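The structure file final.cif is reproduced below (mmCIF, C-alpha atoms).
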data_model
#
loop_
_atom_site.label_atom_id
_atom_site.label_comp_id
_atom_site.auth_asym_id
_atom_site.auth_seq_id
_atom_site.Cartn_x
_atom_site.Cartn_y
_atom_site.Cartn_z
CA MET A 1 89.91 -204.31 31.40
CA ALA A 2 92.47 -203.04 28.89
CA GLU A 3 94.06 -199.65 29.44
CA THR A 4 93.72 -196.89 26.86
CA ASN A 5 97.51 -196.44 26.52
CA GLY A 6 96.91 -193.06 24.90
CA GLN A 7 94.74 -194.40 22.10
CA ALA A 8 93.43 -191.74 19.70
CA ARG A 9 89.82 -192.22 20.68
CA ASP A 10 86.80 -189.99 20.85
CA ASP A 11 85.86 -191.35 24.27
CA ALA A 12 88.84 -192.76 26.14
CA ALA A 13 88.22 -194.66 29.33
CA ASP A 14 90.67 -193.28 31.86
CA GLU A 15 91.70 -190.02 30.23
CA THR A 16 89.77 -186.84 29.48
CA PRO A 17 89.23 -186.45 25.73
CA ASP A 18 90.16 -183.12 24.24
CA ALA A 19 88.37 -181.25 21.50
CA ASP A 20 89.91 -183.15 18.60
CA GLY A 21 88.76 -186.50 19.87
CA ALA A 22 92.01 -187.76 21.41
CA PRO A 23 93.07 -188.12 25.02
CA ASP A 24 94.71 -184.96 26.32
CA ALA A 25 98.39 -184.96 25.48
CA GLY A 26 99.53 -183.87 28.94
CA ASP A 27 102.14 -181.11 28.62
CA TYR A 28 101.50 -180.65 24.90
CA PRO A 29 99.94 -177.19 24.22
CA ARG A 30 96.41 -178.31 23.51
CA GLY A 31 95.07 -174.81 22.77
CA ARG A 32 97.72 -174.24 20.13
CA ARG A 33 96.99 -177.60 18.55
CA ILE A 34 93.24 -177.03 18.32
CA ALA A 35 93.76 -173.50 17.00
CA ALA A 36 95.97 -174.89 14.24
CA TRP A 37 93.26 -177.28 13.06
CA GLN A 38 90.60 -174.56 13.22
CA ARG A 39 92.61 -172.01 11.23
CA ALA A 40 93.85 -174.41 8.55
CA GLU A 41 92.57 -173.42 5.14
CA ARG A 42 92.83 -176.96 3.78
CA THR A 43 92.13 -180.17 5.64
CA LEU A 44 90.91 -183.67 4.86
CA TRP A 45 88.28 -183.44 7.60
CA ARG A 46 86.89 -180.76 9.87
CA ALA A 47 85.93 -182.20 13.23
CA PRO A 48 82.56 -180.93 14.50
CA MET A 49 84.13 -180.70 17.95
CA ASP A 50 86.49 -177.98 16.67
CA ARG A 51 83.62 -175.54 16.13
CA SER A 52 82.73 -172.90 18.68
CA ILE A 53 79.39 -172.84 20.50
CA GLY A 54 78.20 -170.13 18.15
CA GLU A 55 79.16 -172.12 15.10
CA GLN A 56 77.46 -175.20 16.50
CA LEU A 57 74.26 -173.25 17.14
CA ALA A 58 74.31 -171.71 13.68
CA ALA A 59 74.74 -175.13 12.08
CA LEU A 60 71.91 -176.55 14.17
CA THR A 61 69.43 -173.86 13.16
CA GLU A 62 70.51 -173.45 9.53
CA ASP A 63 68.29 -176.18 8.11
CA ALA A 64 66.17 -177.08 11.15
CA GLY A 65 63.01 -175.79 9.50
CA THR A 66 63.42 -178.25 6.64
CA LEU A 67 63.83 -181.19 9.02
CA THR A 68 60.79 -180.84 11.26
CA ASP A 69 57.93 -178.53 12.22
CA LEU A 70 59.56 -175.95 14.49
CA GLY A 71 56.16 -174.88 15.75
CA GLN A 72 55.46 -178.20 17.43
CA PRO A 73 55.91 -178.61 21.19
CA VAL A 74 59.32 -179.71 22.44
CA ASP A 75 59.85 -183.34 23.34
CA ILE A 76 59.18 -184.37 26.93
CA TYR A 77 60.86 -187.66 27.88
CA GLY A 78 60.70 -188.61 24.20
CA GLY A 79 58.05 -188.00 21.58
CA GLY A 80 58.03 -185.05 19.20
CA VAL A 81 61.16 -184.67 17.11
CA VAL A 82 62.77 -187.56 19.02
CA ALA A 83 60.01 -189.88 17.84
CA GLU A 84 60.45 -188.53 14.30
CA LEU A 85 64.13 -189.42 14.46
CA GLU A 86 63.35 -192.91 15.73
CA GLN A 87 60.93 -193.47 12.86
CA ARG A 88 63.50 -192.20 10.37
CA ILE A 89 66.16 -194.59 11.67
CA ALA A 90 63.71 -197.50 11.51
CA GLU A 91 63.18 -196.69 7.83
CA VAL A 92 66.89 -196.26 7.06
CA LEU A 93 67.87 -199.54 8.75
CA GLY A 94 64.76 -201.49 7.83
CA LYS A 95 64.07 -202.46 11.46
CA GLU A 96 60.69 -202.76 13.18
CA ALA A 97 61.37 -200.34 16.03
CA VAL A 98 64.00 -197.90 17.29
CA ALA A 99 64.77 -196.19 20.61
CA PHE A 100 66.86 -193.04 21.00
CA PHE A 101 69.60 -193.18 23.66
CA PRO A 102 71.81 -190.41 25.02
CA THR A 103 74.94 -192.54 24.56
CA GLY A 104 76.01 -195.62 22.66
CA THR A 105 77.43 -197.16 25.82
CA MET A 106 73.96 -197.10 27.37
CA ALA A 107 72.28 -198.34 24.19
CA GLN A 108 74.49 -201.41 24.07
CA GLN A 109 74.14 -202.04 27.80
CA ALA A 110 70.36 -202.13 27.32
CA ALA A 111 70.58 -204.38 24.27
CA LEU A 112 73.02 -206.91 25.70
CA ARG A 113 71.29 -206.98 29.10
CA SER A 114 67.97 -207.66 27.36
CA TRP A 115 69.46 -210.43 25.24
CA ALA A 116 71.02 -212.05 28.31
CA GLY A 117 67.59 -212.32 29.90
CA ARG A 118 65.99 -213.65 26.74
CA THR A 119 68.65 -216.25 25.93
CA GLY A 120 69.28 -217.23 29.53
CA ASN A 121 73.02 -216.84 28.91
CA PRO A 122 74.84 -213.70 30.21
CA THR A 123 78.00 -214.40 28.18
CA VAL A 124 78.77 -212.05 25.29
CA ALA A 125 81.32 -213.03 22.64
CA LEU A 126 83.15 -210.02 21.23
CA HIS A 127 86.58 -208.86 20.12
CA PRO A 128 89.05 -207.75 22.83
CA LEU A 129 89.51 -204.51 20.88
CA ALA A 130 85.76 -203.81 20.86
CA HIS A 131 84.61 -200.62 22.51
CA PRO A 132 83.09 -202.20 25.67
CA GLU A 133 86.35 -204.00 26.41
CA MET A 134 88.61 -201.02 25.78
CA TYR A 135 86.79 -197.89 26.85
CA GLU A 136 83.84 -198.48 29.17
CA ARG A 137 85.53 -199.30 32.51
CA GLY A 138 84.22 -202.87 32.49
CA ALA A 139 80.61 -201.67 32.42
CA LEU A 140 79.16 -204.84 30.87
CA CYS A 141 80.35 -206.80 33.89
CA VAL A 142 80.13 -204.19 36.64
CA VAL A 143 76.78 -202.62 35.71
CA SER A 144 74.93 -205.33 33.81
CA GLY A 145 76.36 -208.51 35.31
CA LEU A 146 77.45 -209.83 31.93
CA ARG A 147 80.55 -211.86 31.10
CA THR A 148 82.67 -211.45 27.98
CA VAL A 149 84.71 -213.95 25.99
CA HIS A 150 86.97 -213.50 22.96
CA PRO A 151 86.70 -215.92 20.01
CA THR A 152 89.80 -214.31 18.46
CA THR A 153 92.61 -211.93 19.38
CA GLY A 154 93.67 -211.21 15.80
CA PRO A 155 93.40 -207.64 14.48
CA ARG A 156 90.20 -208.46 12.58
CA LEU A 157 86.67 -209.67 13.17
CA PRO A 158 86.32 -213.38 14.06
CA THR A 159 85.91 -215.96 11.34
CA ALA A 160 83.01 -218.40 11.04
CA ASP A 161 85.25 -221.27 12.13
CA GLU A 162 86.36 -219.36 15.22
CA ILE A 163 82.75 -218.76 16.17
CA ARG A 164 81.64 -222.30 15.39
CA ASP A 165 84.55 -223.95 17.22
CA PHE A 166 84.79 -221.65 20.23
CA GLU A 167 85.01 -223.78 23.36
CA GLU A 168 82.57 -221.83 25.55
CA PRO A 169 78.84 -221.22 25.13
CA PHE A 170 77.63 -217.66 24.68
CA GLY A 171 74.22 -216.10 24.32
CA THR A 172 75.11 -213.10 22.15
CA LEU A 173 77.73 -212.45 19.50
CA MET A 174 78.61 -208.75 19.26
CA LEU A 175 80.38 -207.53 16.12
CA GLU A 176 81.84 -204.01 15.89
CA LEU A 177 81.48 -202.84 12.28
CA PRO A 178 84.03 -201.56 11.45
CA LEU A 179 86.49 -202.63 14.16
CA ARG A 180 88.06 -199.26 14.83
CA ASP A 181 91.09 -200.11 16.95
CA ALA A 182 92.24 -202.67 14.40
CA GLY A 183 92.21 -199.97 11.70
CA PHE A 184 88.51 -199.55 10.85
CA VAL A 185 88.56 -203.02 9.32
CA LEU A 186 85.65 -205.04 7.96
CA PRO A 187 85.21 -208.63 6.76
CA THR A 188 83.91 -209.30 3.27
CA TRP A 189 80.15 -209.61 2.90
CA GLU A 190 80.43 -213.36 2.46
CA GLU A 191 82.59 -213.64 5.59
CA LEU A 192 80.09 -211.59 7.59
CA GLU A 193 77.21 -213.80 6.43
CA ALA A 194 79.18 -216.89 7.40
CA VAL A 195 80.00 -215.54 10.88
CA VAL A 196 76.35 -214.71 11.53
CA ALA A 197 75.29 -218.16 10.32
CA ALA A 198 77.85 -219.78 12.64
CA ALA A 199 76.42 -217.87 15.60
CA ARG A 200 72.91 -218.97 14.67
CA GLU A 201 74.09 -222.59 14.60
CA ARG A 202 75.01 -222.11 18.25
CA ASP A 203 71.58 -220.63 19.05
CA ALA A 204 73.19 -217.25 19.78
CA VAL A 205 71.70 -213.91 18.85
CA VAL A 206 73.75 -211.34 16.91
CA HIS A 207 74.18 -207.70 17.88
CA PHE A 208 75.99 -205.15 15.69
CA ASP A 209 77.98 -202.36 17.31
CA GLY A 210 77.30 -200.14 14.33
CA ALA A 211 78.59 -196.84 15.70
CA ARG A 212 80.06 -196.39 12.23
CA LEU A 213 77.73 -198.69 10.32
CA TRP A 214 76.78 -195.81 8.02
CA GLU A 215 80.06 -195.98 6.08
CA CYS A 216 80.13 -199.80 5.70
CA ALA A 217 77.75 -199.98 2.74
CA THR A 218 80.40 -199.20 0.12
CA HIS A 219 82.75 -201.98 1.27
CA PHE A 220 79.97 -204.56 1.51
CA GLY A 221 78.27 -203.47 -1.70
CA ARG A 222 74.93 -203.67 0.13
CA GLU A 223 72.35 -201.15 1.32
CA LEU A 224 71.95 -200.48 5.03
CA PRO A 225 68.70 -202.48 5.47
CA GLU A 226 70.34 -205.61 4.03
CA ILE A 227 73.34 -205.19 6.36
CA ALA A 228 71.18 -204.54 9.42
CA ALA A 229 68.95 -207.51 8.56
CA LEU A 230 71.78 -209.89 9.46
CA ALA A 231 71.60 -208.81 13.12
CA ASP A 232 68.92 -209.19 15.77
CA SER A 233 69.76 -205.72 17.06
CA VAL A 234 71.86 -202.82 15.83
CA TYR A 235 73.28 -199.77 17.59
CA VAL A 236 74.20 -196.66 15.58
CA SER A 237 75.83 -193.40 16.62
CA PHE A 238 74.78 -189.93 15.55
CA TYR A 239 77.95 -187.99 16.31
CA LYS A 240 80.82 -190.14 15.03
CA THR A 241 80.13 -190.10 11.29
CA LEU A 242 77.01 -187.97 10.94
CA GLY A 243 78.45 -185.05 12.91
CA GLY A 244 75.59 -184.77 15.39
CA ILE A 245 75.85 -183.21 18.83
CA SER A 246 75.43 -186.51 20.66
CA GLY A 247 73.12 -189.49 20.88
CA ALA A 248 72.62 -192.99 19.58
CA ALA A 249 69.86 -195.38 18.58
CA LEU A 250 69.09 -199.02 19.16
CA ALA A 251 67.11 -200.84 16.47
CA GLY A 252 65.43 -204.24 16.59
CA SER A 253 62.09 -205.94 17.07
CA ALA A 254 59.26 -204.06 18.75
CA SER A 255 59.40 -206.29 21.83
CA LEU A 256 63.16 -205.89 22.23
CA ILE A 257 62.97 -202.11 21.91
CA GLU A 258 60.14 -201.95 24.44
CA GLU A 259 62.32 -203.82 26.92
CA ALA A 260 65.35 -201.66 26.04
CA ARG A 261 63.33 -198.53 26.84
CA ALA A 262 62.72 -199.91 30.32
CA TRP A 263 66.44 -200.51 30.77
CA ARG A 264 67.17 -197.04 29.41
CA HIS A 265 65.04 -195.62 32.23
CA ARG A 266 66.82 -197.79 34.81
CA TYR A 267 70.22 -196.71 33.56
CA GLY A 268 69.29 -193.03 33.87
CA GLY A 269 68.77 -192.32 30.18
CA GLN A 270 65.23 -190.98 30.34
CA LEU A 271 66.24 -187.39 29.61
CA PHE A 272 63.69 -184.60 29.98
CA GLN A 273 64.40 -182.94 26.60
CA GLN A 274 66.63 -184.07 23.75
CA PHE A 275 65.52 -182.00 20.77
CA PRO A 276 68.95 -180.40 20.02
CA ALA A 277 70.59 -183.82 19.70
CA ALA A 278 67.65 -185.19 17.70
CA LEU A 279 67.68 -182.21 15.31
CA SER A 280 71.42 -182.51 14.72
CA ALA A 281 71.01 -186.23 14.06
CA LEU A 282 68.30 -185.59 11.47
CA SER A 283 70.57 -182.99 9.87
CA GLY A 284 73.45 -185.45 9.72
CA LEU A 285 71.26 -188.10 8.13
CA ALA A 286 70.17 -185.64 5.44
CA ARG A 287 73.59 -184.07 4.87
CA GLU A 288 76.25 -186.74 5.47
CA LEU A 289 74.64 -190.09 4.74
CA PRO A 290 74.29 -189.53 0.96
CA ARG A 291 77.90 -188.32 0.74
CA LEU A 292 79.58 -191.27 2.44
CA PRO A 293 80.29 -193.26 -0.75
CA SER A 294 82.24 -190.28 -2.12
CA TYR A 295 84.15 -190.00 1.16
CA VAL A 296 85.13 -193.67 1.00
CA ALA A 297 86.28 -193.35 -2.61
CA GLN A 298 88.34 -190.27 -1.77
CA ALA A 299 89.86 -191.96 1.28
CA ARG A 300 91.11 -194.76 -0.95
CA MET A 301 92.79 -192.21 -3.22
CA VAL A 302 94.33 -190.39 -0.25
CA ALA A 303 95.64 -193.63 1.26
CA GLY A 304 97.21 -194.65 -2.03
CA ALA A 305 98.81 -191.24 -2.48
CA LEU A 306 100.21 -191.34 1.06
CA ALA A 307 101.76 -194.77 0.46
CA GLU A 308 103.33 -193.58 -2.78
CA GLY A 309 104.43 -190.32 -1.16
CA PHE A 310 106.15 -192.05 1.76
CA ALA A 311 108.01 -194.34 -0.65
CA GLU A 312 109.03 -191.46 -2.93
CA ALA A 313 110.21 -189.40 0.04
CA GLY A 314 112.44 -192.25 1.26
CA ALA A 315 110.58 -192.36 4.58
CA GLY A 316 111.82 -195.86 5.37
CA TRP A 317 109.37 -197.98 7.32
CA PHE A 318 105.74 -196.85 7.28
CA ARG A 319 102.32 -198.41 7.19
CA VAL A 320 99.02 -197.23 5.70
CA HIS A 321 96.40 -199.60 7.09
CA PRO A 322 94.24 -201.02 5.68
CA GLU A 323 95.23 -200.40 2.09
CA PRO A 324 92.87 -199.73 0.49
CA PRO A 325 90.72 -198.42 3.37
CA HIS A 326 87.48 -200.24 4.07
CA THR A 327 85.70 -197.01 5.06
CA HIS A 328 86.53 -193.29 4.91
CA GLN A 329 88.89 -193.73 7.87
CA PHE A 330 92.22 -195.53 8.18
CA GLN A 331 95.49 -195.57 10.13
CA VAL A 332 98.99 -194.32 9.31
CA TRP A 333 101.98 -195.71 11.24
CA LEU A 334 105.50 -194.20 11.43
CA PRO A 335 108.66 -195.00 13.46
CA TYR A 336 108.88 -191.74 15.40
CA PRO A 337 107.79 -190.62 18.88
CA PRO A 338 104.26 -189.22 18.98
CA GLU A 339 105.39 -185.80 20.21
CA VAL A 340 107.66 -185.42 17.18
CA LEU A 341 104.89 -186.32 14.75
CA THR A 342 102.22 -184.23 16.46
CA GLU A 343 104.47 -181.17 16.55
CA ALA A 344 105.24 -181.64 12.86
CA SER A 345 101.52 -181.90 12.15
CA VAL A 346 100.79 -178.70 14.06
CA ARG A 347 103.64 -176.81 12.43
CA LEU A 348 102.45 -177.91 8.97
CA ALA A 349 98.99 -176.47 9.68
CA GLU A 350 100.38 -173.26 11.19
CA GLU A 351 103.05 -172.58 8.58
CA THR A 352 101.32 -173.71 5.38
CA GLY A 353 97.59 -173.54 6.22
CA THR A 354 97.24 -177.25 5.37
CA ALA A 355 96.29 -179.85 7.97
CA LEU A 356 97.21 -183.34 6.82
CA PHE A 357 97.36 -185.27 10.12
CA ARG A 358 96.09 -184.54 13.62
CA MET A 359 97.13 -186.23 16.88
CA TRP A 360 99.65 -189.07 16.92
CA VAL A 361 99.75 -191.62 19.75
CA PRO A 362 102.14 -194.42 20.73
CA ALA A 363 101.45 -197.94 19.55
CA ALA A 364 99.90 -200.16 22.22
CA ALA A 365 102.36 -202.97 21.46
CA GLY A 366 105.57 -203.60 19.60
CA PRO A 367 108.95 -201.87 19.80
CA PRO A 368 109.16 -198.38 21.33
CA GLY A 369 109.14 -195.36 19.07
CA ILE A 370 106.27 -196.49 16.84
CA SER A 371 103.28 -194.14 16.60
CA TYR A 372 100.08 -193.98 14.62
CA THR A 373 97.33 -191.57 13.73
CA GLU A 374 93.83 -191.93 12.33
CA VAL A 375 92.99 -190.25 9.04
CA THR A 376 89.41 -189.26 8.23
CA VAL A 377 88.34 -188.02 4.80
CA ALA A 378 85.09 -186.08 4.57
CA GLU A 379 83.60 -183.13 2.68
CA SER A 380 86.54 -180.75 3.10
CA GLY A 381 88.87 -183.37 1.65
CA LEU A 382 86.95 -184.07 -1.55
CA ASP A 383 88.85 -181.49 -3.61
CA TRP A 384 92.30 -182.88 -2.76
CA THR A 385 94.23 -184.52 -5.59
CA ALA A 386 96.95 -187.13 -5.25
CA ALA A 387 99.47 -184.38 -6.01
CA ASP A 388 98.04 -182.28 -3.17
CA VAL A 389 98.44 -185.18 -0.76
CA LYS A 390 102.05 -185.83 -1.80
CA THR A 391 102.95 -182.14 -1.56
CA ALA A 392 101.52 -181.86 1.94
CA LEU A 393 103.23 -185.09 2.94
CA GLY A 394 106.58 -183.83 1.70
CA GLU A 395 106.23 -180.68 3.80
CA PHE A 396 105.19 -182.79 6.78
CA MET A 397 108.22 -185.09 6.49
CA LYS A 398 110.56 -182.07 6.34
CA ARG A 399 109.18 -180.95 9.68
CA VAL A 400 109.41 -184.46 11.09
CA THR A 401 113.13 -184.48 10.28
CA GLU A 402 113.57 -181.07 11.90
CA GLN A 403 111.64 -182.05 15.02
CA GLU A 404 113.52 -185.31 15.39
CA ARG A 405 116.83 -183.45 15.18
CA LEU A 406 115.69 -180.98 17.83
CA ALA A 407 114.47 -183.79 20.07
CA ARG A 408 117.87 -185.48 19.92
CA GLN A 409 119.63 -182.25 20.88
CA ARG A 410 117.61 -181.86 24.07
#
Can you give me the file's structure in the form of structure tokens?
Amino acid sequence: MAETNGQARDDAADETPDADGAPDAGDYPRGRRIAAWQRAERTLWRAPMDRSIGEQLAALTEDAGTLTDLGQPVDIYGGGVVAELEQRIAEVLGKEAVAFFPTGTMAQQAALRSWAGRTGNPTVALHPLAHPEMYERGALCVVSGLRTVHPTTGPRLPTADEIRDFEEPFGTLMLELPLRDAGFVLPTWEELEAVVAAARERDAVVHFDGARLWECATHFGRELPEIAALADSVYVSFYKTLGGISGAALAGSASLIEEARAWRHRYGGQLFQQFPAALSALSGLARELPRLPSYVAQARMVAGALAEGFAEAGAGWFRVHPEPPHTHQFQVWLPYPPEVLTEASVRLAEETGTALFRMWVPAAAGPPGISYTEVTVAESGLDWTAADVKTALGEFMKRVTEQERLARQR
């Protein structure tokens, strides 16, 4: 299993994530860093994890009465508002049935284990950068007895030819849409159709790791039901894009979901009550889902302004990837140590009230001294102009130069 190597993830495998979704930075003053993001007056994205318990509770109850009948009994091992959420997801994705899961890791375990039994083949074809390979401690093999193979190692989803010509048989093709660790990248719609068709030619079923499927519609130019229809099963997350407390859903045929519910129970996911997570998921669907196209459009403007700003500032080597972004998230790469860049990011927020970047982490491969960060653009970033981005970037680069000079003096 691959090591995390300090990846800026929301659920790292061997490190404890901190409140801004990245592995703890060791000796770096985490409290100061989080406080800087919280107090910033301007930011491209406010992470739900940055909010206090009180703020989380207030957000949960603010519109709860418009989402469901608050006088109904609480859910007991499902039902109630959890069943309402499942029905809502079935409608949004155009699938026959849906089951709520406490985590996406468990949802995909249940799906892939069920498909292994149905196809008679326990081999899952997926990308080596996919979440199960990077951040789940080998769970597909250790817990579910599955075996994984990699049709490609390129920083992209596999092509139709790679699927069609792969030398080993597999029962399920799993596609992470978008592929986060490669830069939140997506194929074109035509490429995705061709990959799915190639899997079908091999009598394999197709499962979408759609933790961030919500924001893919703009890139594909298709509605969510049409995207989900390509797959035999789809997993979606409620906290990554929609800002929910936790939770996930698995969508597919009624028979598959019935079997997945049995596996959910076996894996320990039959929780007594889940109404807070279900309510926050319903809120995210109502609040964030309609706004995602505007987030994607704004992310493309921000990425373009950053690229222009780096060039105008004489930053030397840099990378904004992909350009333009495929979703409302993308990567920025710079040739400096992560501690230099993170300190500059924190100082920018503290000294100017503007948070442009968050945590920086070292590149997993390549020459030393290369770091990257993930940029997310959401509601709080919609009022930024290209000039705002370039101004903030200029201030950031000044602090990078200062921090690099200080680091050399130590």
ask   = At most 10 Å from (76.7, -205.1, 21.7), file frame, all atoms listed in the file: which residues, as a VMD selection string?
value = chain A and resid 104 to 105 107 to 113 115 124 to 126 130 to 132 140 172 to 176 206 to 210 233 to 235
message = I'd like the interatomic distance between atom CA of Ala297 of chain A and atom CA of Val320 of chain A, to a tenth of an Å.
response =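 Going from atom CA of Ala297 of chain A over to atom CA of Val320 of chain A covers 15.7 Å.
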inquiry  = Under the PyMOL selection byres ((chain A and resi 280) around 12), which residues of this model are included? Write them out as a ChimeraX atom specification.
reply    = /A:48,56-65,67-68,81-82,85,237-239,242-248,274-279,281-288
Spatial neighbours of Ala197 of chain A, 10 Å, all atoms listed in the file, chain gap at least 6 places, as a list in words =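 Everything that qualifies: Ala160, Ile163, Arg164, Glu191, Asp203, Ala204, Val206 and Leu230 of chain A.
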key: Test item: the PyMOL selection byres ((chain A and resi 384) around 12) resolved as a list in words   =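 Listing what the PyMOL selection byres ((chain A and resi 384) around 12) selects in the shown file: Arg42, Thr43, Leu44, Trp45, Tyr295, Gln298, Ala299, Met301, Val302, Ala303, Ala305, Thr354, Ala355, Leu356, Val377, Ala378, Glu379, Ser380, Gly381, Leu382, Asp383, Thr385, Ala386, Ala387, Asp388, Val389, Lys390, Thr391 and Ala392 of chain A.
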Distance criterion (all atoms listed in the file): nearest to Asp181 of chain A out of A:Met134, A:Ala35, A:Ala97, A:Ala307 =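 The answer is A:Met134, which sits nearest to Asp181 of chain A.
Shortest atom-to-atom contact with Arg118 of chain A among A:His328, A:Gln87, A:Ile34, A:Glu259: A:Glu259, counting only C-alpha atoms.
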task = Could you tell me which residues the PyMOL selection byres ((chain A and resi 360-364) around 8) returns for this structure, as JSON, numbers by chain?
result = {"A": [5, 6, 7, 8, 337, 338, 339, 341, 342, 358, 359, 365, 366, 368, 369, 370, 371, 372, 373, 374]}
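Across the structure, atom CA of Glu55 of chain A and atom CA of Phe330 of chain A are spaced 27.7 Å apart.
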message = Rounded to one decimal, what separation in Å do you get between atom CA of Ala228 of chain A and atom CA of Ala260 of chain A?
response = 17.8 Å
key: Near-Ile89 of chain A list (10 Å; only C-alpha atoms; drop same-chain fewer than 5 positions) as a PyMOL selection string   = chain A and resi 83-84+94-100+236+249-251+281-282+285
Produce a file of the selected residues containing C-alpha atoms, as a tab-separated table (two decimals), keeping the file's coordinate frame.
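And here is the file that came out, result_21.tsv:
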chain	number	residue	atom	x	y	z
A	83	ALA	CA	60.01	-189.88	17.84
A	84	GLU	CA	60.45	-188.53	14.30
A	94	GLY	CA	64.76	-201.49	7.83
A	95	LYS	CA	64.07	-202.46	11.46
A	96	GLU	CA	60.69	-202.76	13.18
A	97	ALA	CA	61.37	-200.34	16.03
A	98	VAL	CA	64.00	-197.90	17.29
A	99	ALA	CA	64.77	-196.19	20.61
A	100	PHE	CA	66.86	-193.04	21.00
A	236	VAL	CA	74.20	-196.66	15.58
A	249	ALA	CA	69.86	-195.38	18.58
A	250	LEU	CA	69.09	-199.02	19.16
A	251	ALA	CA	67.11	-200.84	16.47
A	281	ALA	CA	71.01	-186.23	14.06
A	282	LEU	CA	68.30	-185.59	11.47
A	285	LEU	CA	71.26	-188.10	8.13
Expected residue set, 12 Å radius at (83.9, -222.6, 13.7), all atoms listed in the file, as a ChimeraX atom specification = /A:151-152,158-168,194-202
query = If you count all atoms listed in the file, which residues fall within 6 Å of segment 271-273 of chain A, apart from same-chain ones fewer than 6 positions away, as an MDAnalysis selection string?
reply = chainID A and resid 75:77
Non-local contacts of Asp50 of chain A (12 Å; all atoms listed in the file; under 3 positions in same chain excluded) as an NGL selection string = :A and (18-21 or 31 or 33-40 or 45-47 or 53-56 or 243)
Box for segment 259-275 of chain A: with edges along x, y and z, all listed atoms inside and 6 Å added on each side, what are the centre and edge lengths in Å to one decimal, as JSON?
{"center_x": 66.3, "center_y": -192.9, "center_z": 27.8, "size_x": 19.9, "size_y": 33.8, "size_z": 26.0}
Fix up segment 333-345 of chain A with N, CA and C atoms, then write it as an mmCIF file, keeping the file's coordinate frame.
data_model
loop_
_atom_site.group_PDB
_atom_site.id
_atom_site.type_symbol
_atom_site.label_atom_id
_atom_site.label_comp_id
_atom_site.auth_asym_id
_atom_site.auth_seq_id
_atom_site.Cartn_x
_atom_site.Cartn_y
_atom_site.Cartn_z
ATOM 1 N N TRP A 333 100.994 -195.362 10.225
ATOM 2 C CA TRP A 333 101.980 -195.710 11.240
ATOM 3 C C TRP A 333 103.364 -195.242 10.786
ATOM 4 N N LEU A 334 104.148 -194.660 11.723
ATOM 5 C CA LEU A 334 105.500 -194.200 11.430
ATOM 6 C C LEU A 334 106.421 -194.493 12.621
ATOM 7 N N PRO A 335 107.718 -194.681 12.376
ATOM 8 C CA PRO A 335 108.660 -195.000 13.460
ATOM 9 C C PRO A 335 109.277 -193.766 14.118
ATOM 10 N N TYR A 336 108.433 -192.932 14.688
ATOM 11 C CA TYR A 336 108.880 -191.740 15.400
ATOM 12 C C TYR A 336 108.049 -191.590 16.674
ATOM 13 N N PRO A 337 108.575 -190.888 17.674
ATOM 14 C CA PRO A 337 107.790 -190.620 18.880
ATOM 15 C C PRO A 337 106.560 -189.781 18.556
ATOM 16 N N PRO A 338 105.474 -189.960 19.288
ATOM 17 C CA PRO A 338 104.260 -189.220 18.980
ATOM 18 C C PRO A 338 104.408 -187.710 19.105
ATOM 19 N N GLU A 339 105.237 -187.242 20.051
ATOM 20 C CA GLU A 339 105.390 -185.800 20.210
ATOM 21 C C GLU A 339 106.087 -185.167 19.006
ATOM 22 N N VAL A 340 106.996 -185.907 18.381
ATOM 23 C CA VAL A 340 107.660 -185.420 17.180
ATOM 24 C C VAL A 340 106.664 -185.284 16.030
ATOM 25 N N LEU A 341 105.852 -186.314 15.854
ATOM 26 C CA LEU A 341 104.890 -186.320 14.750
ATOM 27 C C LEU A 341 103.767 -185.319 14.959
ATOM 28 N N THR A 342 103.286 -185.197 16.192
ATOM 29 C CA THR A 342 102.220 -184.230 16.460
ATOM 30 C C THR A 342 102.716 -182.808 16.267
ATOM 31 N N GLU A 343 103.919 -182.512 16.740
ATOM 32 C CA GLU A 343 104.470 -181.170 16.550
ATOM 33 C C GLU A 343 104.656 -180.866 15.069
ATOM 34 N N ALA A 344 105.107 -181.842 14.297
ATOM 35 C CA ALA A 344 105.240 -181.640 12.860
ATOM 36 C C ALA A 344 103.891 -181.393 12.207
ATOM 37 N N SER A 345 102.874 -182.092 12.692
ATOM 38 C CA SER A 345 101.520 -181.900 12.150
ATOM 39 C C SER A 345 101.005 -180.511 12.453
#
